[in-house]
$ cat model_1.txt   # compact mmCIF, C-alpha atoms
# COMPACT_ATOMS: atom_id res chain seq x y z
CA MET A 107 -59.57 5.53 -23.53
CA LYS A 108 -56.79 3.67 -21.77
CA GLN A 109 -56.35 -0.03 -21.36
CA LYS A 110 -54.49 -1.75 -18.53
CA TYR A 111 -51.80 -4.29 -19.18
CA SER A 112 -49.36 -6.40 -17.19
CA VAL A 113 -45.68 -6.61 -18.07
CA ILE A 114 -44.33 -10.09 -17.44
CA VAL A 115 -40.58 -10.63 -17.62
CA ILE A 116 -39.94 -14.14 -18.93
CA GLY A 117 -38.42 -16.44 -16.35
CA ILE A 118 -39.03 -14.00 -13.46
CA ILE A 119 -42.08 -14.09 -11.23
CA MET A 120 -42.58 -10.36 -10.86
CA LEU A 121 -45.57 -8.21 -11.84
CA PHE A 122 -45.41 -4.47 -12.59
CA PRO A 123 -48.88 -3.15 -13.62
CA CYS A 124 -48.76 -0.01 -15.81
CA THR A 125 -50.95 1.85 -18.36
CA PHE A 126 -50.38 2.36 -22.12
CA SER A 127 -51.81 5.10 -24.33
CA GLN A 128 -53.61 3.79 -27.43
CA ASP A 129 -52.35 6.78 -29.43
CA ASP A 130 -48.60 6.33 -29.11
CA ASP A 131 -48.11 3.10 -27.15
CA THR A 132 -46.16 5.06 -24.55
CA PRO A 133 -46.62 3.53 -21.09
CA GLU A 134 -47.71 5.79 -18.29
CA LEU A 135 -46.10 4.53 -15.11
CA GLY A 136 -48.14 4.85 -11.96
CA ARG A 137 -46.73 5.50 -8.50
CA SER A 138 -47.43 1.90 -7.47
CA PHE A 139 -45.42 0.62 -10.42
CA LYS A 140 -42.52 2.94 -9.65
CA ASN A 141 -42.52 2.01 -5.99
CA ARG A 142 -42.40 -1.69 -6.82
CA ALA A 143 -39.62 -1.16 -9.33
CA LEU A 144 -37.59 1.00 -6.94
CA ALA A 145 -38.00 -1.54 -4.13
CA ALA A 146 -36.64 -4.22 -6.46
CA MET A 147 -33.68 -2.03 -7.49
CA LYS A 148 -32.86 -1.43 -3.82
CA HIS A 149 -33.02 -5.12 -2.93
CA SER A 150 -29.90 -7.00 -1.83
CA ASP A 151 -30.87 -9.95 -4.04
CA PRO A 152 -29.35 -9.36 -7.52
CA LYS A 153 -32.11 -11.46 -9.13
CA LYS A 154 -34.77 -9.04 -7.92
CA ARG A 155 -32.75 -6.04 -9.10
CA LYS A 156 -32.20 -7.53 -12.53
CA SER A 157 -35.90 -8.35 -12.90
CA ALA A 158 -36.64 -4.64 -12.55
CA TYR A 159 -33.99 -3.70 -15.13
CA ARG A 160 -35.38 -6.22 -17.62
CA THR A 161 -38.90 -4.98 -17.08
CA PHE A 162 -37.91 -1.49 -18.13
CA GLN A 163 -35.90 -2.83 -21.05
CA HIS A 164 -39.08 -4.62 -22.16
CA LEU A 165 -41.10 -1.41 -21.95
CA GLY A 166 -38.78 0.35 -24.39
CA LYS A 167 -37.76 3.96 -25.08
CA GLY A 168 -40.93 5.54 -23.80
CA VAL A 169 -39.95 4.99 -20.15
CA VAL A 170 -36.30 5.94 -20.38
CA LYS A 171 -36.69 9.20 -18.43
CA ASP A 172 -38.56 7.51 -15.58
CA TYR A 173 -36.16 4.59 -15.64
CA ALA A 174 -33.11 6.85 -15.35
CA ALA A 175 -34.69 8.72 -12.43
CA LEU A 176 -35.40 5.47 -10.56
CA LEU A 177 -31.88 4.22 -11.26
CA ARG A 178 -30.37 7.37 -9.78
CA GLU A 179 -32.62 7.13 -6.75
CA SER A 180 -31.59 3.52 -6.15
CA GLN A 181 -27.97 4.57 -6.74
CA ARG A 182 -28.26 7.08 -3.89
CA TYR A 183 -29.82 4.37 -1.72
CA HIS A 184 -26.90 1.95 -2.25
CA GLN A 185 -24.39 4.74 -1.69
CA ALA A 186 -26.08 5.56 1.62
CA SER A 187 -26.05 1.86 2.47
CA MET A 188 -22.28 1.75 1.96
CA ARG A 189 -21.85 4.92 3.99
CA ASN A 190 -23.88 3.52 6.89
CA THR A 191 -22.04 0.20 6.75
CA MET A 192 -18.68 1.95 7.04
CA ARG A 193 -19.93 4.00 9.99
CA VAL A 194 -20.73 1.07 12.27
CA ARG A 195 -18.85 1.15 15.55
CA ALA A 196 -17.25 -2.27 15.07
CA ASN A 197 -15.67 -1.35 11.73
CA PRO A 198 -11.88 -1.95 11.98
CA TYR A 199 -11.27 -0.22 8.63
CA ILE A 200 -11.84 3.25 10.07
CA GLU A 201 -9.27 3.03 12.86
CA LEU A 202 -6.89 1.07 10.62
CA GLY A 203 -6.61 4.04 8.28
CA LEU A 204 -5.96 6.47 11.14
CA VAL A 205 -3.41 4.30 12.95
CA THR A 206 -1.62 3.39 9.71
CA ASP A 207 -1.23 7.07 8.83
CA THR A 208 0.20 7.72 12.29
CA LEU A 209 2.57 4.77 12.02
CA ALA A 210 3.82 5.89 8.59
CA SER A 211 4.49 9.41 9.85
CA GLU A 212 6.24 8.16 12.98
CA ARG A 213 8.34 5.69 11.01
CA GLU A 214 9.61 8.44 8.76
CA ARG A 215 10.56 10.56 11.75
CA VAL A 216 12.21 7.74 13.73
CA MET A 217 14.06 6.43 10.66
CA VAL A 218 15.94 9.73 10.53
CA LEU A 219 16.88 9.28 14.20
CA ILE A 220 17.93 5.67 13.62
CA HIS A 221 20.33 6.77 10.87
CA THR A 222 21.75 9.73 12.79
CA ASP A 223 25.26 9.45 14.25
CA TRP A 224 24.75 10.14 17.98
CA GLU A 225 28.37 9.30 18.80
CA LYS A 226 27.18 6.57 21.19
CA ASP A 227 25.68 9.12 23.59
CA PRO A 228 23.88 6.97 26.24
CA GLY A 229 21.05 9.50 26.58
CA LYS A 230 20.45 9.54 22.84
CA ILE A 231 20.51 5.75 22.71
CA ARG A 232 17.87 5.57 25.45
CA MET A 233 15.83 8.06 23.45
CA LEU A 234 16.10 5.79 20.39
CA GLU A 235 15.06 2.76 22.41
CA ASN A 236 11.98 4.60 23.70
CA GLU A 237 11.12 5.75 20.18
CA MET A 238 11.27 2.14 18.97
CA LYS A 239 9.03 1.02 21.85
CA GLY A 240 6.45 3.63 20.82
CA LEU A 241 6.64 2.48 17.20
CA ASN A 242 6.24 -1.10 18.37
CA ARG A 243 2.94 -0.24 20.05
CA HIS A 244 1.66 1.46 16.89
CA HIS A 245 2.83 -1.45 14.74
CA ARG A 246 1.10 -4.07 16.92
CA LYS A 247 -2.12 -2.08 16.81
CA VAL A 248 -2.02 -1.82 13.02
CA ILE A 249 -1.48 -5.59 12.68
CA LYS A 250 -4.31 -6.30 15.13
CA LEU A 251 -6.73 -4.06 13.22
CA ALA A 252 -5.72 -5.53 9.87
CA ARG A 253 -6.34 -9.04 11.19
CA ALA A 254 -9.73 -8.13 12.68
CA ASN A 255 -12.69 -9.90 11.05
CA SER A 256 -14.30 -7.64 8.45
CA ASP A 257 -16.23 -10.35 6.57
CA SER A 258 -19.67 -8.95 7.42
CA ILE A 259 -18.71 -5.43 6.37
CA ASP A 260 -17.03 -6.64 3.19
CA ALA A 261 -20.07 -8.73 2.24
CA LYS A 262 -22.42 -5.75 2.63
CA MET A 263 -20.08 -3.41 0.79
CA LEU A 264 -19.53 -5.91 -2.02
CA SER A 265 -23.29 -6.40 -2.40
CA ALA A 266 -23.88 -2.64 -2.60
CA MET A 267 -20.98 -2.21 -5.01
CA SER A 268 -22.40 -4.91 -7.29
CA ALA A 269 -25.69 -3.03 -7.33
CA LEU A 270 -23.92 0.24 -8.13
CA LYS A 271 -22.04 -1.41 -11.00
CA GLU A 272 -25.33 -2.72 -12.42
CA ILE A 273 -26.91 0.71 -12.12
CA GLN A 274 -23.88 2.36 -13.76
CA TRP A 275 -24.18 -0.10 -16.62
CA GLU A 276 -27.85 0.74 -17.12
CA LEU A 277 -27.18 4.48 -16.96
CA VAL A 278 -24.39 4.21 -19.53
CA SER A 279 -26.76 2.21 -21.76
CA ILE A 280 -29.37 4.95 -21.47
CA GLU A 281 -26.83 7.66 -22.30
CA ARG A 282 -25.75 5.75 -25.40
CA LEU A 283 -29.37 5.30 -26.42
CA GLU A 284 -30.17 8.99 -25.98
CA ASP A 285 -27.05 9.96 -27.94
CA HIS A 286 -27.98 7.48 -30.68
CA ASP A 287 -24.73 5.60 -30.11
CA ASN A 288 -24.23 1.93 -30.76
CA THR A 289 -25.33 0.32 -27.49
CA THR A 290 -23.57 -2.90 -28.41
CA GLU A 291 -20.23 -1.15 -27.78
CA LEU A 292 -20.71 -0.65 -24.06
CA PRO A 293 -17.74 -0.63 -21.67
CA ASP A 294 -16.71 -4.01 -20.31
CA GLN A 295 -17.20 -4.94 -16.66
CA ASP A 296 -13.73 -3.73 -15.62
CA GLU A 297 -14.38 -0.33 -17.18
CA ILE A 298 -17.73 -0.09 -15.41
CA GLY A 299 -16.06 -1.04 -12.14
CA ASN A 300 -13.46 1.69 -12.63
CA LEU A 301 -16.19 4.23 -13.37
CA VAL A 302 -17.99 3.33 -10.16
CA ALA A 303 -14.78 3.46 -8.11
CA ASP A 304 -13.81 6.82 -9.60
CA ASP A 305 -17.22 8.48 -9.39
CA ILE A 306 -18.62 7.21 -6.10
CA PHE A 307 -16.71 8.19 -2.96
CA GLU A 308 -18.11 5.38 -0.80
CA VAL A 309 -16.81 2.75 -3.23
CA GLU A 310 -13.43 4.43 -3.61
CA ASP A 311 -13.09 4.81 0.17
CA TRP A 312 -13.90 1.16 0.86
CA LEU A 313 -11.61 -0.17 -1.89
CA THR A 314 -8.78 2.03 -0.62
CA ARG A 315 -9.18 0.60 2.89
CA VAL A 316 -9.40 -2.98 1.59
CA LYS A 317 -6.16 -2.38 -0.32
CA LEU A 318 -4.53 -0.93 2.80
CA LYS A 319 -5.56 -3.96 4.86
CA LYS A 320 -4.11 -6.30 2.23
CA GLU A 321 -0.84 -4.36 2.15
CA VAL A 322 -0.50 -4.57 5.94
CA LEU A 323 -1.28 -8.29 5.94
CA ASP A 324 1.14 -8.90 3.06
CA VAL A 325 3.93 -7.23 5.04
CA ALA A 326 3.05 -9.28 8.13
CA LYS A 327 3.01 -12.44 6.01
CA ARG A 328 6.44 -11.61 4.60
CA LEU A 329 7.78 -11.47 8.17
CA ASP A 330 6.06 -14.77 9.00
CA VAL A 331 7.62 -16.35 5.91
CA ALA A 332 11.07 -15.09 6.92
CA ASN A 333 10.65 -16.41 10.46
CA GLN A 334 9.51 -19.77 9.09
CA HIS A 335 12.52 -19.84 6.77
CA ASN A 336 14.80 -19.24 9.75
CA ALA A 337 13.00 -21.88 11.83
CA ASN A 338 13.41 -24.41 8.99
CA SER A 339 17.16 -23.70 8.63
CA LYS A 340 18.40 -26.92 10.25
CA TRP A 341 22.02 -25.83 9.95
CA ALA A 342 21.38 -22.78 12.21
CA ASN A 343 21.54 -22.94 16.01
CA ALA A 344 19.14 -21.33 18.48
CA SER A 345 21.28 -18.20 18.92
CA GLN A 346 21.44 -17.53 15.18
CA LYS A 347 17.68 -17.97 14.81
CA SER A 348 16.84 -15.91 17.89
CA PHE A 349 19.01 -12.98 16.82
CA SER A 350 17.69 -13.01 13.25
CA ASP A 351 14.05 -13.18 14.33
CA HIS A 352 14.50 -10.29 16.78
CA LEU A 353 16.29 -8.19 14.17
CA ASN A 354 13.55 -8.83 11.61
CA GLU A 355 10.81 -7.94 14.08
CA GLN A 356 12.50 -4.61 14.77
CA ARG A 357 13.04 -4.00 11.05
CA ALA A 358 9.33 -4.66 10.49
CA VAL A 359 8.44 -2.12 13.17
CA ILE A 360 10.44 0.57 11.37
CA GLY A 361 8.97 -0.51 8.00
CA LEU A 362 11.90 -2.45 6.51
CA HIS A 363 11.79 -5.84 4.80
CA PRO A 364 13.08 -8.92 6.67
CA LEU A 365 16.48 -10.51 6.06
CA LEU A 366 16.62 -14.28 5.48
CA LEU A 367 19.23 -16.34 7.31
CA GLU A 368 21.73 -17.54 4.70
CA GLU A 369 23.88 -20.61 5.30
CA ARG A 370 27.04 -19.69 3.34
CA LEU A 371 27.09 -16.12 4.65
CA SER A 372 26.60 -17.46 8.17
CA ALA A 373 29.53 -19.83 7.61
CA ALA A 374 31.71 -16.84 6.69
CA ALA A 375 30.50 -14.95 9.78
CA GLY A 376 31.04 -17.96 12.04
CA ASP A 377 34.53 -18.51 10.65
CA HIS A 378 35.50 -14.92 11.44
CA SER A 379 34.09 -15.20 14.98
CA SER A 380 36.12 -18.40 15.47
CA ASP A 381 39.30 -16.73 14.20
CA MET A 382 38.78 -13.73 16.50
CA LYS A 383 38.35 -15.99 19.51
CA THR A 384 41.18 -18.36 18.64
CA LEU A 385 43.73 -15.76 17.56
CA GLY A 386 42.76 -13.13 20.11
CA PHE A 387 41.95 -10.19 17.85
CA PHE A 388 38.83 -8.05 17.43
CA ALA A 389 38.59 -6.34 14.06
CA HIS A 390 36.94 -6.43 10.65
CA THR A 391 40.37 -6.90 9.09
CA SER A 392 41.64 -10.40 9.70
CA PRO A 393 45.32 -11.31 10.02
CA VAL A 394 44.59 -14.72 8.52
CA ASN A 395 46.01 -15.13 5.03
CA GLY A 396 43.25 -14.95 2.39
CA LYS A 397 40.61 -13.82 4.90
CA LYS A 398 41.59 -10.19 5.22
CA SER A 399 38.26 -8.56 4.26
CA PRO A 400 34.60 -9.53 4.67
CA ALA A 401 34.47 -9.94 0.89
CA ASP A 402 37.35 -12.43 1.08
CA ARG A 403 35.61 -14.40 3.80
CA ALA A 404 32.30 -14.46 1.90
CA ARG A 405 34.10 -15.72 -1.21
CA ILE A 406 35.92 -18.48 0.69
CA ALA A 407 32.58 -19.61 2.18
CA LYS A 408 31.25 -19.80 -1.41
CA PHE A 409 28.52 -17.25 -0.78
CA ALA A 410 26.87 -16.79 -4.19
CA GLY A 411 25.72 -13.23 -3.63
CA ARG A 412 27.32 -9.90 -2.76
CA TRP A 413 28.50 -8.96 0.72
CA THR A 414 27.03 -5.59 1.83
CA GLY A 415 27.94 -5.00 5.49
CA GLU A 416 29.47 -6.49 8.65
CA ASN A 417 29.11 -6.07 12.43
CA ILE A 418 31.27 -7.67 15.13
CA PHE A 419 30.69 -7.95 18.89
CA MET A 420 32.56 -9.54 21.79
CA GLY A 421 31.57 -10.10 25.38
CA SER A 422 28.44 -12.27 25.64
CA ALA A 423 26.81 -15.30 24.08
CA SER A 424 23.38 -13.66 24.42
CA PRO A 425 21.62 -12.68 21.17
CA THR A 426 19.94 -9.81 23.05
CA ALA A 427 23.30 -8.52 24.26
CA ALA A 428 24.69 -8.57 20.72
CA TYR A 429 21.63 -6.77 19.34
CA ASN A 430 21.65 -4.11 22.08
CA ALA A 431 25.37 -3.48 21.68
CA TRP A 432 24.99 -2.95 17.95
CA PHE A 433 21.86 -0.84 18.36
CA GLY A 434 23.79 1.48 20.69
CA SER A 435 26.66 1.88 18.25
CA ASP A 436 25.80 4.18 15.36
CA GLY A 437 27.64 2.48 12.48
CA HIS A 438 26.53 -0.97 13.60
CA ARG A 439 22.91 0.22 13.92
CA PHE A 440 23.07 1.53 10.34
CA VAL A 441 24.07 -1.97 9.17
CA MET A 442 21.19 -3.62 11.06
CA PHE A 443 18.68 -1.11 9.70
CA THR A 444 19.98 -0.80 6.17
CA ARG A 445 17.23 0.63 3.97
CA GLY A 446 17.82 -1.40 0.83
CA GLY A 447 20.23 -3.62 -1.06
CA SER A 448 20.43 -6.41 1.52
CA ASN A 449 17.98 -9.31 1.61
CA VAL A 450 19.95 -12.00 3.49
CA VAL A 451 21.93 -12.10 6.72
CA GLY A 452 24.71 -14.29 8.01
CA VAL A 453 25.11 -14.75 11.76
CA GLY A 454 28.09 -16.47 13.36
CA VAL A 455 28.54 -16.84 17.11
CA VAL A 456 31.42 -18.66 18.83
CA GLY A 457 31.39 -18.29 22.61
CA GLY A 458 31.09 -14.57 23.26
CA HIS A 459 32.25 -13.57 19.77
CA TRP A 460 29.65 -12.49 17.20
CA THR A 461 29.79 -11.60 13.54
CA MET A 462 26.82 -10.42 11.49
CA MET A 463 27.11 -10.08 7.72
CA ASN A 464 24.49 -8.59 5.40
CA GLY A 465 24.33 -9.71 1.81
CA ARG A 466 22.41 -9.50 -1.44
CA MET A 467 21.40 -12.59 -3.39
$ encode --input "model_1.txt" --output "structure tokens"
Amino acid sequence: MKQKYSVIVIGIIMLFPCTFSQDDDTPELGRSFKNRALAAMKHSDPKKRKSAYRTFQHLGKGVVKDYAALLRESQRYHQASMRNTMRVRANPYIELGLVTDTLASERERVMVLIHTDWEKDPGKIRMLENEMKGLNRHHRKVIKLARANSDSIDAKMLSAMSALKEIQWELVSIERLEDHDNTTELPDQDEIGNLVADDIFEVEDWLTRVKLKKEVLDVAKRLDVANQHNANSKWANASQKSFSDHLNEQRAVIGLHPLLLEERLSAAAGDHSSDMKTLGFFAHTSPVNGKKSPADRARIAKFAGRWTGENIFMGSASPTAAYNAWFGSDGHRFVMFTRGGSNVVGVGVVGGHWTMMNGRM
């Protein structure tokens, strides 16, 4: 003969009726009980999910098999929930991944072209300009997608991931129990999180896209910080700031870090521009005693870092004219789009004479 009991989890108002055998005290779980428990495990409210887990923990070893089956069923439910959330039409993560891949591939291809000596061929320079315009469109789209509001998606994915971590914890506990291991030595929360991320594609996919979004926004923020640094450089004039900001925007498009305007290096550049205008020469080698090389000029200006490259231009006071002239001249373009080593830039303009110096602090 069987008697009916109610399992009450202390502190939680939740009732799961089930039946126990008088012979072995093993509960026999009815379909109604299982349905209620599964509904609780699927719930978005963590309190309801945990009430179900505690109920089964209260029932003991006799329900382990049923418990594991319900956990796996709820696991599939939360995985499907994540999958459906990522599939919504308004999800910027999906297109972000595609456009970012395209941008990375195009950057690699165009970077080779940027660093190729075209011997100032006008046709090749126009080709480079068009390539940069195409990259610019891809870059703007990536930034726009990364800045799109994903709060609703993230909240749903985070909720489902929390549920999956709880379920993984319970399943690991059951495995330890069945293997007669010490259940007090369970993995910590970080280990459980790693297990979920490694084993469940939906979690791994979402976390990968979240990381990608953060990386894109971090790069955009680095450019914003550089632009703000330039804007706050009270010693710099409008031409210096305008040229530096435009250069950094183009470097960001190709995937290079920004260069910060540096006062001492700019003083060295400005001094060389002034000498070229006053003395009527146009060269990297100065006839002025003690200022022969860019390194000499950087040292005299008390630049604390290392000089790494120099461009000179003559003919216009326009920052755009200076940039375009250097972009169309292979060696000068290489200096503007140096891959590494430089992190600061000095810009000196006197009339129509320009000097740009890269440096490393």
$ atom_distance --input "model_1.txt" --atom1 "CA of Gly411 (chain A)" --atom2 "CA of Gln346 (chain A)"
19.8 Å
$ atom_distance --input "model_1.txt" --atom1 "CA of Ala303 (chain A)" --atom2 "CA of Thr208 (chain A)"
25.7 Å
$ closest_residue --input "model_1.txt" --among "A:Ala428, A:Val450, A:Leu176, A:Leu385" --to "Ser348 (chain A)" --atoms "all atoms listed in the file"
A:Ala428
$ atom_distance --input "model_1.txt" --atom1 "CA of Ala254 (chain A)" --atom2 "CA of Asn197 (chain A)"
9.1 Å
$ closest_residue --input "model_1.txt" --among "A:Gly168, A:Gly437, A:Gly229, A:Gly361" --to "Asn242 (chain A)" --atoms "all atoms listed in the file"
A:Gly361
$ closest_residue --input "model_1.txt" --among "A:Arg315, A:His459, A:His378, A:Lys156" --to "Lys398 (chain A)" --atoms "all atoms listed in the file"
A:His378
